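Text of the file upload.txt, holding compact mmCIF, C-alpha atoms:
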```
# COMPACT_ATOMS: atom_id res chain seq x y z
CA MET A 1 -40.61 32.25 38.70
CA SER A 2 -37.64 34.52 39.09
CA CYS A 3 -34.31 33.44 37.71
CA THR A 4 -31.64 34.38 40.19
CA ARG A 5 -28.00 34.57 39.13
CA ARG A 6 -27.33 31.46 41.23
CA VAL A 7 -29.99 29.40 39.44
CA PHE A 8 -28.88 30.66 36.03
CA LEU A 9 -25.19 29.84 36.62
CA GLY A 10 -26.09 26.41 37.97
CA ALA A 11 -28.21 25.55 34.93
CA ALA A 12 -25.57 26.86 32.53
CA GLY A 13 -22.86 24.79 34.24
CA LEU A 14 -24.95 21.63 34.17
CA SER A 15 -25.80 22.10 30.47
CA ALA A 16 -22.13 22.60 29.59
CA LEU A 17 -21.24 19.43 31.51
CA ALA A 18 -23.96 17.45 29.77
CA LEU A 19 -22.79 18.66 26.34
CA ALA A 20 -19.16 17.81 27.09
CA GLY A 21 -20.18 14.38 28.34
CA LYS A 22 -22.22 13.68 25.21
CA THR A 23 -19.35 14.67 22.91
CA ALA A 24 -16.97 12.42 24.82
CA LEU A 25 -19.43 9.52 24.70
CA ASN A 26 -20.01 10.02 20.96
CA GLY A 27 -16.26 9.94 20.40
CA LEU A 28 -15.94 6.72 22.36
CA ALA A 29 -18.85 5.13 20.54
CA ARG A 30 -17.34 6.03 17.17
CA ALA A 31 -13.98 4.57 18.18
CA ALA A 32 -15.70 1.33 19.16
CA GLU A 33 -17.78 1.16 15.96
CA THR A 34 -15.18 2.07 13.33
CA PRO A 35 -15.39 -0.79 10.86
CA ARG A 36 -12.04 -2.38 10.16
CA PRO A 37 -11.12 -3.85 6.80
CA GLY A 38 -10.62 -7.52 6.16
CA THR A 39 -12.85 -10.52 6.52
CA PRO A 40 -14.47 -10.77 9.93
CA GLY A 41 -13.79 -13.93 11.85
CA VAL A 42 -10.58 -14.67 9.98
CA ARG A 43 -7.10 -14.38 11.43
CA TRP A 44 -4.49 -15.29 8.87
CA GLY A 45 -1.37 -17.03 10.09
CA MET A 46 1.39 -19.30 8.89
CA VAL A 47 3.30 -22.33 10.09
CA ILE A 48 6.75 -22.98 8.64
CA ASP A 49 8.10 -26.51 8.85
CA THR A 50 11.84 -25.85 9.13
CA ALA A 51 12.73 -29.52 8.74
CA ALA A 52 10.71 -29.90 5.54
CA CYS A 53 12.12 -26.67 4.17
CA LEU A 54 15.68 -27.85 4.71
CA LYS A 55 15.12 -31.08 2.80
CA ASP A 56 15.91 -29.13 -0.29
CA GLN A 57 19.03 -27.18 0.62
CA GLY A 58 19.61 -24.09 -1.42
CA CYS A 59 16.03 -23.97 -2.70
CA THR A 60 14.74 -20.44 -3.15
CA ASP A 61 11.45 -21.18 -4.91
CA CYS A 62 9.28 -19.32 -2.42
CA ILE A 63 11.55 -16.28 -2.41
CA ALA A 64 11.70 -16.20 -6.18
CA ALA A 65 7.91 -16.58 -6.49
CA CYS A 66 7.19 -13.85 -3.97
CA HIS A 67 9.68 -11.40 -5.37
CA ALA A 68 8.50 -12.02 -8.93
CA VAL A 69 4.78 -11.45 -8.30
CA HIS A 70 5.38 -8.36 -6.18
CA ASN A 71 7.93 -6.65 -8.39
CA VAL A 72 10.58 -6.76 -5.67
CA PRO A 73 13.86 -5.31 -6.95
CA ALA A 74 17.15 -7.19 -6.57
CA PHE A 75 19.91 -4.97 -5.27
CA PRO A 76 23.18 -6.85 -4.84
CA ASP A 77 24.40 -4.28 -2.32
CA ARG A 78 23.07 -5.25 1.13
CA ALA A 79 22.63 -1.59 2.04
CA HIS A 80 19.93 -1.23 -0.61
CA GLU A 81 18.47 -4.71 -0.36
CA ILE A 82 14.67 -5.15 -0.48
CA LYS A 83 13.36 -8.29 1.22
CA TRP A 84 9.86 -9.67 1.60
CA ILE A 85 10.81 -13.25 2.42
CA TRP A 86 14.37 -14.40 2.90
CA LYS A 87 16.70 -16.76 4.78
CA GLU A 88 18.37 -15.89 8.05
CA PRO A 89 20.86 -18.06 10.00
CA PHE A 90 19.20 -19.88 12.94
CA ASP A 91 20.99 -17.83 15.62
CA ARG A 92 19.86 -14.58 13.98
CA ALA A 93 16.29 -15.72 13.52
CA PHE A 94 16.03 -17.19 17.02
CA PRO A 95 18.76 -15.46 19.09
CA GLU A 96 17.27 -16.66 22.38
CA GLN A 97 17.32 -20.31 21.24
CA ALA A 98 20.96 -20.55 20.20
CA SER A 99 23.46 -21.89 22.72
CA PRO A 100 27.27 -22.04 22.71
CA TYR A 101 27.12 -25.85 22.56
CA MET A 102 25.22 -26.01 19.30
CA THR A 103 27.14 -27.20 16.29
CA ARG A 104 28.10 -24.64 13.78
CA GLY A 105 25.91 -26.31 11.19
CA MET A 106 22.95 -25.96 13.53
CA VAL A 107 23.61 -22.31 14.34
CA GLU A 108 24.13 -21.33 10.74
CA ARG A 109 21.20 -23.31 9.39
CA PRO A 110 19.12 -20.99 7.21
CA VAL A 111 15.61 -20.31 8.47
CA LEU A 112 12.95 -18.83 6.24
CA VAL A 113 11.72 -15.51 7.65
CA LEU A 114 9.14 -12.94 6.61
CA CYS A 115 6.87 -10.36 8.20
CA ASN A 116 5.29 -12.01 11.25
CA HIS A 117 2.02 -10.10 10.95
CA CYS A 118 2.13 -9.58 14.70
CA ASP A 119 -0.98 -9.30 16.83
CA ASN A 120 0.68 -6.37 18.55
CA PRO A 121 2.72 -4.84 15.74
CA PRO A 122 5.27 -2.24 16.89
CA CYS A 123 5.59 -0.89 13.34
CA VAL A 124 1.91 0.09 13.37
CA ARG A 125 2.27 1.85 16.69
CA VAL A 126 5.06 4.10 15.46
CA CYS A 127 3.76 4.91 11.97
CA PRO A 128 2.91 8.62 12.01
CA THR A 129 0.64 8.50 8.94
CA GLN A 130 -1.13 5.16 9.44
CA ALA A 131 0.47 4.02 6.21
CA THR A 132 0.84 0.69 7.94
CA TRP A 133 -2.01 -0.72 9.99
CA LYS A 134 -3.44 -4.00 11.21
CA ARG A 135 -6.49 -5.25 9.37
CA ALA A 136 -9.26 -7.11 11.14
CA ASP A 137 -7.96 -10.35 9.59
CA GLY A 138 -4.58 -9.76 11.22
CA ILE A 139 -2.66 -8.77 8.11
CA VAL A 140 -0.27 -5.92 8.84
CA MET A 141 -0.96 -3.99 5.69
CA MET A 142 0.99 -1.28 3.91
CA ASP A 143 -0.48 1.70 2.07
CA TRP A 144 2.38 2.82 -0.13
CA HIS A 145 0.40 5.88 -1.18
CA ARG A 146 0.55 7.15 2.35
CA CYS A 147 4.10 6.21 3.35
CA ILE A 148 6.27 9.27 3.81
CA GLY A 149 9.50 7.29 4.19
CA CYS A 150 10.25 8.28 7.79
CA ARG A 151 11.47 4.71 8.52
CA TYR A 152 10.14 4.65 12.09
CA CYS A 153 8.63 1.26 11.26
CA VAL A 154 11.99 -0.04 10.04
CA ALA A 155 13.48 0.91 13.40
CA ALA A 156 10.53 -0.47 15.35
CA CYS A 157 10.29 -3.89 13.70
CA PRO A 158 12.40 -6.33 15.75
CA TYR A 159 12.51 -8.83 12.88
CA GLY A 160 14.03 -6.69 10.13
CA SER A 161 10.98 -7.39 8.02
CA ARG A 162 10.85 -3.94 6.51
CA SER A 163 13.00 -2.60 3.71
CA PHE A 164 13.41 0.97 2.59
CA ASN A 165 13.75 1.97 -1.04
CA TRP A 166 16.88 4.09 -0.99
CA LEU A 167 17.06 3.99 -4.78
CA ASP A 168 14.54 3.81 -7.58
CA PRO A 169 13.60 0.10 -7.61
CA ARG A 170 12.40 -0.08 -11.23
CA PRO A 171 15.72 -0.56 -12.99
CA ARG A 172 16.43 -3.49 -10.63
CA ILE A 173 13.28 -5.46 -11.35
CA ALA A 174 14.12 -8.28 -13.70
CA GLN A 175 10.63 -8.64 -15.18
CA ILE A 176 7.99 -6.08 -14.25
CA ARG A 177 4.56 -7.61 -13.64
CA PRO A 178 1.84 -5.20 -14.76
CA ASP A 179 -0.77 -6.45 -12.28
CA PHE A 180 1.13 -5.31 -9.19
CA PRO A 181 2.57 -1.84 -8.63
CA THR A 182 6.25 -1.30 -8.14
CA ARG A 183 7.29 1.01 -5.33
CA SER A 184 9.03 4.32 -5.69
CA ARG A 185 12.11 5.69 -4.02
CA GLY A 186 11.54 6.78 -0.42
CA VAL A 187 8.91 4.17 0.49
CA VAL A 188 9.08 1.28 2.95
CA GLU A 189 7.86 -2.12 1.85
CA LYS A 190 7.33 -5.60 3.26
CA CYS A 191 5.33 -8.80 2.95
CA THR A 192 1.54 -8.30 2.90
CA PHE A 193 0.65 -12.02 3.22
CA CYS A 194 -0.37 -11.71 -0.45
CA GLU A 195 -3.46 -9.75 0.47
CA GLU A 196 -4.18 -9.21 -3.24
CA ARG A 197 -4.12 -12.98 -3.88
CA LEU A 198 -6.19 -13.82 -0.79
CA SER A 199 -8.91 -11.50 -2.10
CA GLN A 200 -9.10 -13.72 -5.19
CA GLY A 201 -9.21 -16.87 -3.08
CA LEU A 202 -5.62 -17.82 -3.84
CA LEU A 203 -2.94 -18.87 -1.38
CA PRO A 204 0.11 -16.66 -0.84
CA ALA A 205 2.67 -17.00 -3.62
CA CYS A 206 5.36 -18.48 -1.33
CA VAL A 207 2.99 -21.15 -0.01
CA GLU A 208 1.95 -22.10 -3.52
CA ALA A 209 5.55 -22.21 -4.76
CA CYS A 210 6.90 -24.51 -2.03
CA ARG A 211 7.55 -27.99 -3.42
CA GLU A 212 7.94 -29.50 0.04
CA LYS A 213 4.71 -27.95 1.36
CA ALA A 214 6.81 -26.55 4.20
CA LEU A 215 4.71 -23.41 4.38
CA VAL A 216 1.20 -23.88 5.72
CA PHE A 217 -1.15 -20.93 5.60
CA GLY A 218 -4.62 -20.57 7.02
CA ASN A 219 -7.19 -19.11 9.35
CA LEU A 220 -6.00 -19.31 12.94
CA ASN A 221 -9.55 -18.66 14.15
CA ASP A 222 -10.75 -21.89 12.57
CA PRO A 223 -10.04 -24.84 14.89
CA ALA A 224 -10.27 -27.25 11.95
CA ALA A 225 -7.74 -25.40 9.80
CA PRO A 226 -4.49 -27.24 8.97
CA VAL A 227 -2.50 -24.47 10.68
CA ARG A 228 -4.38 -25.08 13.91
CA GLU A 229 -3.99 -28.81 13.53
CA LEU A 230 -0.20 -28.34 13.32
CA LEU A 231 -0.14 -25.92 16.23
CA ARG A 232 -2.14 -28.38 18.32
CA THR A 233 -0.16 -31.49 17.54
CA ARG A 234 3.39 -30.28 17.05
CA TYR A 235 5.80 -28.19 19.08
CA THR A 236 6.19 -24.74 17.53
CA ILE A 237 8.21 -21.66 18.37
CA ARG A 238 7.88 -18.04 17.38
CA ARG A 239 10.52 -15.42 16.77
CA LYS A 240 11.41 -13.28 19.81
CA PRO A 241 8.16 -13.97 21.70
CA GLU A 242 9.61 -12.24 24.76
CA LEU A 243 9.04 -8.89 23.07
CA GLY A 244 5.28 -9.28 23.34
CA THR A 245 4.61 -8.66 19.67
CA HIS A 246 2.71 -11.97 19.33
CA PRO A 247 4.01 -13.02 15.91
CA GLU A 248 1.62 -15.11 13.85
CA VAL A 249 4.25 -16.94 11.85
CA HIS A 250 4.99 -20.14 13.76
CA TYR A 251 7.93 -22.48 13.26
CA LEU A 252 7.98 -26.26 13.57
CA VAL A 253 11.43 -27.24 14.80
CA MET B 1 -2.86 66.79 -16.63
CA ARG B 2 0.40 67.45 -18.39
CA ASP B 3 1.42 63.76 -17.85
CA ARG B 4 -1.60 62.33 -19.60
CA GLY B 5 0.40 61.20 -22.64
CA LEU B 6 3.02 59.50 -20.49
CA ILE B 7 0.39 57.73 -18.38
CA VAL B 8 -1.50 56.42 -21.40
CA VAL B 9 1.68 55.14 -23.03
CA GLY B 10 2.82 53.61 -19.75
CA LEU B 11 -0.53 51.90 -19.22
CA ALA B 12 -0.58 50.55 -22.75
CA LEU B 13 2.94 49.21 -22.31
CA PHE B 14 2.06 47.66 -18.96
CA LEU B 15 -1.06 45.97 -20.33
CA GLY B 16 0.84 44.78 -23.35
CA LEU B 17 3.57 43.25 -21.24
CA ILE B 18 1.30 41.62 -18.71
CA THR B 19 -0.83 40.01 -21.41
CA PHE B 20 2.21 39.00 -23.41
CA PRO B 21 1.93 35.26 -22.62
CA ALA B 22 -1.62 35.23 -23.96
CA TRP B 23 -0.63 37.02 -27.17
CA TYR B 24 2.36 34.83 -27.58
CA ASN B 25 0.36 31.64 -27.24
CA LEU B 26 -2.35 32.94 -29.57
CA ALA B 27 0.28 33.73 -32.16
CA ALA B 28 1.93 30.34 -31.71
CA GLY B 29 -1.51 28.68 -31.80
CA THR B 30 -0.89 26.52 -28.75
CA THR B 31 -3.57 27.57 -26.24
CA SER B 32 -6.45 27.86 -28.65
CA ARG B 33 -6.11 24.14 -29.41
CA ALA B 34 -7.35 21.77 -26.75
CA PRO B 35 -5.36 18.56 -26.41
CA GLU B 36 -6.50 15.83 -28.76
CA LEU B 37 -6.95 12.57 -26.95
CA LYS B 38 -6.78 9.13 -28.43
CA ARG B 39 -10.08 7.52 -27.50
CA PRO B 40 -10.38 3.77 -27.02
CA ALA B 41 -11.47 2.20 -30.28
CA ASN B 42 -13.74 -0.56 -28.99
CA GLU B 43 -15.27 0.95 -25.88
CA LYS B 44 -17.99 3.60 -25.79
CA ASN B 45 -18.57 4.13 -22.07
CA CYS B 46 -16.11 4.87 -19.33
CA VAL B 47 -16.84 3.91 -15.71
CA ALA B 48 -18.64 7.25 -15.27
CA PRO B 49 -20.14 9.80 -17.69
CA VAL B 50 -17.55 11.61 -19.79
CA GLU B 51 -18.22 15.01 -18.24
CA TYR B 52 -17.63 13.62 -14.77
CA MET B 53 -14.49 11.76 -15.81
CA ARG B 54 -13.12 14.81 -17.54
CA THR B 55 -13.29 17.04 -14.49
CA ARG B 56 -13.24 14.67 -11.55
CA HIS B 57 -11.42 11.46 -12.52
CA MET B 58 -8.79 12.24 -9.90
CA GLU B 59 -11.41 12.10 -7.14
CA LEU B 60 -12.71 8.81 -8.48
CA LEU B 61 -9.20 7.36 -8.57
CA THR B 62 -8.50 8.53 -5.02
CA ALA B 63 -11.73 6.91 -3.87
CA TRP B 64 -10.79 3.69 -5.65
CA ARG B 65 -7.36 3.74 -4.09
CA ASP B 66 -8.74 4.14 -0.58
CA GLN B 67 -11.38 1.49 -1.06
CA VAL B 68 -8.99 -1.10 -2.45
CA VAL B 69 -6.05 -0.54 -0.13
CA ARG B 70 -7.78 0.56 3.03
CA GLU B 71 -11.08 -1.31 2.91
CA GLY B 72 -10.21 -4.27 0.73
CA LYS B 73 -13.15 -3.58 -1.63
CA ARG B 74 -12.33 -4.22 -5.25
CA GLU B 75 -15.61 -4.16 -7.16
CA PHE B 76 -16.99 -0.97 -8.65
CA THR B 77 -20.47 -0.67 -10.09
CA ALA B 78 -20.46 1.86 -12.91
CA PHE B 79 -23.27 4.24 -13.77
CA ASP B 80 -24.41 1.92 -16.56
CA GLY B 81 -24.67 -1.03 -14.19
CA ARG B 82 -21.54 -2.82 -15.31
CA THR B 83 -19.05 -3.88 -12.66
CA HIS B 84 -15.37 -3.19 -12.90
CA GLN B 85 -12.33 -4.04 -10.85
CA MET B 86 -11.06 -0.89 -9.17
CA SER B 87 -7.60 -0.83 -10.70
CA LEU B 88 -5.69 1.79 -12.63
CA SER B 89 -3.51 -0.71 -14.46
CA LYS B 90 -6.12 -3.40 -15.01
CA THR B 91 -9.26 -1.35 -15.68
CA CYS B 92 -8.34 2.17 -16.83
CA MET B 93 -5.30 1.21 -18.83
CA ARG B 94 -7.05 -1.71 -20.49
CA CYS B 95 -8.97 0.75 -22.66
CA HIS B 96 -6.73 3.78 -22.41
CA GLU B 97 -3.78 1.73 -23.54
CA SER B 98 -1.29 4.50 -23.85
CA LYS B 99 -0.41 6.87 -21.08
CA ALA B 100 1.45 9.06 -23.58
CA ASP B 101 -1.55 9.36 -25.91
CA PHE B 102 -4.17 9.85 -23.24
CA CYS B 103 -3.17 10.79 -19.69
CA ASP B 104 -0.10 12.82 -20.56
CA LYS B 105 -1.89 14.91 -23.17
CA CYS B 106 -4.08 16.79 -20.68
CA HIS B 107 -1.66 16.59 -17.79
CA ASN B 108 1.06 18.25 -19.84
CA TYR B 109 -1.42 20.80 -21.18
CA SER B 110 -2.52 21.79 -17.69
CA GLY B 111 0.95 21.46 -16.21
CA VAL B 112 0.22 18.79 -13.61
CA THR B 113 2.47 15.83 -12.81
CA PRO B 114 0.52 13.19 -10.90
CA TYR B 115 2.79 10.50 -9.45
CA CYS B 116 0.52 7.54 -10.25
CA TRP B 117 3.06 6.01 -12.62
CA ASP B 118 5.95 6.23 -10.22
CA CYS B 119 4.56 2.90 -9.02
CA HIS B 120 1.66 1.84 -11.24
CA ILE B 121 2.71 0.44 -14.54
CA ASP B 122 2.20 2.09 -17.89
CA PRO B 123 1.57 -0.79 -20.30
CA ALA B 124 3.81 0.93 -22.87
CA LEU B 125 6.67 0.36 -20.45
CA LEU B 126 6.21 -3.38 -20.82
CA ARG B 127 5.73 -3.30 -24.58
CA GLY B 128 9.05 -1.52 -24.79
CA GLY B 129 10.44 -4.45 -22.79
CA LYS B 130 12.49 -2.16 -20.56
CA ALA B 131 11.83 -0.62 -17.18
```

Please render this file's structure as structure tokens.
Amino acid sequence: MSCTRRVFLGAAGLSALALAGKTALNGLARAAETPRPGTPGVRWGMVIDTAACLKDQGCTDCIAACHAVHNVPAFPDRAHEIKWIWKEPFDRAFPEQASPYMTRGMVERPVLVLCNHCDNPPCVRVCPTQATWKRADGIVMMDWHRCIGCRYCVAACPYGSRSFNWLDPRPRIAQIRPDFPTRSRGVVEKCTFCEERLSQGLLPACVEACREKALVFGNLNDPAAPVRELLRTRYTIRRKPELGTHPEVHYLV
Amino acid sequence: MRDRGLIVVGLALFLGLITFPAWYNLAAGTTSRAPELKRPANEKNCVAPVEYMRTRHMELLTAWRDQVVREGKREFTAFDGRTHQMSLSKTCMRCHESKADFCDKCHNYSGVTPYCWDCHIDPALLRGGKA
């Protein structure tokens, strides 16, 4: 059989196409298979009972517990402040809910806020180094080793859940806990839903610290979980749902 | 060939100068002595054979870091079958109690400054009671 130029070119073209197609398919298959960390079948979430929380005005047990176990520094200057869980006035936490006819007490009522561990986290989308990413169990995790301090995530987060270490945090930590790292200057930090405690079967520090049991934590994928029970039976709102971030911290109002 | 003397003297001078740091250190007795590490008193085996730890502990620590933070795996099975928690502060520093007497010795000797302790806590820091 003679191989004409036409036949040869045709075969070469087809082979190249087949190779390119295979590479593309392999790439797609790998993307689909990449195992993601976290427990499969679990989607961690939280419900905050704002009424129960307010029973004890001025209580900061959850904030103190969280900031103590995670070596969060206390900077009095708001410009350098580091926050994992904190209080925000109602109209700042839920700007779309506030109305001009609300009483001042209502508008200024402190609401407990933290990272919402969004289903569609904008911080993850903008992170250039994948220092922050969403685990399979929904926790929006931080890898402080990888953070380059660009602060894109700080700009992207609509909830102000991320703080940047402008200064060395160590001198501002009242009591350093050896079992959790501190952060260094030039790194962004935020709530991790106590990922390190969950791995030991413990509840997040804030949930454990709350005397009023106003914070309820659990697996949103489990229909029998207390969080789901609350979401089913009570009216809950989320912070800035119109942004499409799908926050997984729900508020009973 | 008339410059032979000059060239030889020049070469000798050049060699002398370029090897000066080595001579200097030999005379001062600093390079000939390897750093002396304080070994843990009540522990014979590390998480990997000594030779491996000596040359490649940084790779092991990087692997631990990635597995803990990225994959959420925390258990490490050592070469002798024991399991350890993958943690610099909780596992490594439990035996190697002092960063100054162990880590720093070789790191200073070889002129490297790893930034592990920018965040991870040197137990001596807590014993001193101050950050």

Determine which residues of chain B sit within 8 Å of chain A, taking into account all atoms listed in the file, and present them as a list in words.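 Written out as asked, the residues are Val69, Arg70, Glu71, Gly72, Ser89, Lys90, Asp118, Cys119, His120, Ile121, Asp122, Pro123, Leu126 and Ala131 of chain B.
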
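Taking atom CA of Asn165 of chain A as the reference point, atom CA of Ala65 of chain A is found at 20.2 Å.
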
I want to know what sits within 12 Å of Ala41 of chain B, based on all atoms listed in the file, with residues of the same chain fewer than 6 positions away left out; could you give that as a VMD selection string? chain B and resid 94 to 97

Residues near Pro226 of chain A, anyone? I mean within 12 Å using only C-alpha atoms, not counting same-chain ones fewer than 3 positions away, as a list of chain:residue names.
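Surrounding residues, per the criterion: A:Trp44, A:Gly45, A:Met46, A:Val47, A:Lys213, A:Leu215, A:Val216, A:Phe217, A:Gly218, A:Asn219, A:Leu220, A:Asn221, A:Asp222, A:Pro223, A:Glu229, A:Leu230, A:Leu231, A:Arg232, A:Thr233, A:Arg234.
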
note - atom CA of Arg197 of chain A and atom CA of Gln57 of chain A are separated by 27.5 Å

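We find atom CA of His117 of chain A and atom CA of Val140 of chain A to be spaced 5.2 Å apart.
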
Between B:Asn25, B:Gln67, B:Thr62, B:Gln85, which has the minimum distance to Val47 of chain B (counting only C-alpha atoms)?
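For Val47 of chain B, the nearest of the candidates is B:Gln85.
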
Of A:Val188, A:Cys206, A:Leu17, A:Tyr152, the one sitting nearest Ile63 of chain A when using all atoms listed in the file is A:Cys206

(request) Find the residue from B:Phe102, B:Phe79, B:Tyr109, B:Tyr115 that sits nearest to Cys46 of chain B; use all atoms listed in the file when measuring. (result)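 Looking at the shortest contact to Cys46 of chain B, the residue is B:Phe79.
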
Please provide the set of residues having any atom within 6 Å of Val187 of chain A, restricted to all atoms listed in the file, with same-chain residues fewer than 5 positions apart removed, written as a ChimeraX atom specification. /A:147,149,164-165

Can those selected residues be exported to a file as a PDB file, in the frame of the given file so that it contains C-alpha atoms?
```pdb
ATOM      1  CA  CYS A 147       4.100   6.210   3.350  1.00  0.00           C
ATOM      2  CA  GLY A 149       9.500   7.290   4.190  1.00  0.00           C
ATOM      3  CA  PHE A 164      13.410   0.970   2.590  1.00  0.00           C
ATOM      4  CA  ASN A 165      13.750   1.970  -1.040  1.00  0.00           C
TER       5      ASN A 165
END
```

- Query: Near Cys150 of chain A, counting only C-alpha atoms, which residues have an atom at most 12 Å away, once you skip same-chain residues fewer than 3 positions from it, shown as JSON, numbers by chain?
  - Reply: {"A": [123, 126, 127, 128, 129, 130, 131, 146, 147, 153, 154, 155, 156, 163, 164, 165, 166, 186, 187, 188]}

**OP:** Extract, using all atoms listed in the file, all DNA, RNA and protein residues at most 9 Å from Cys106 of chain B, discarding same-chain residues fewer than 4 positions from it, and format them as a ChimeraX atom specification.
**Re:** /B:34-37,102,110-112
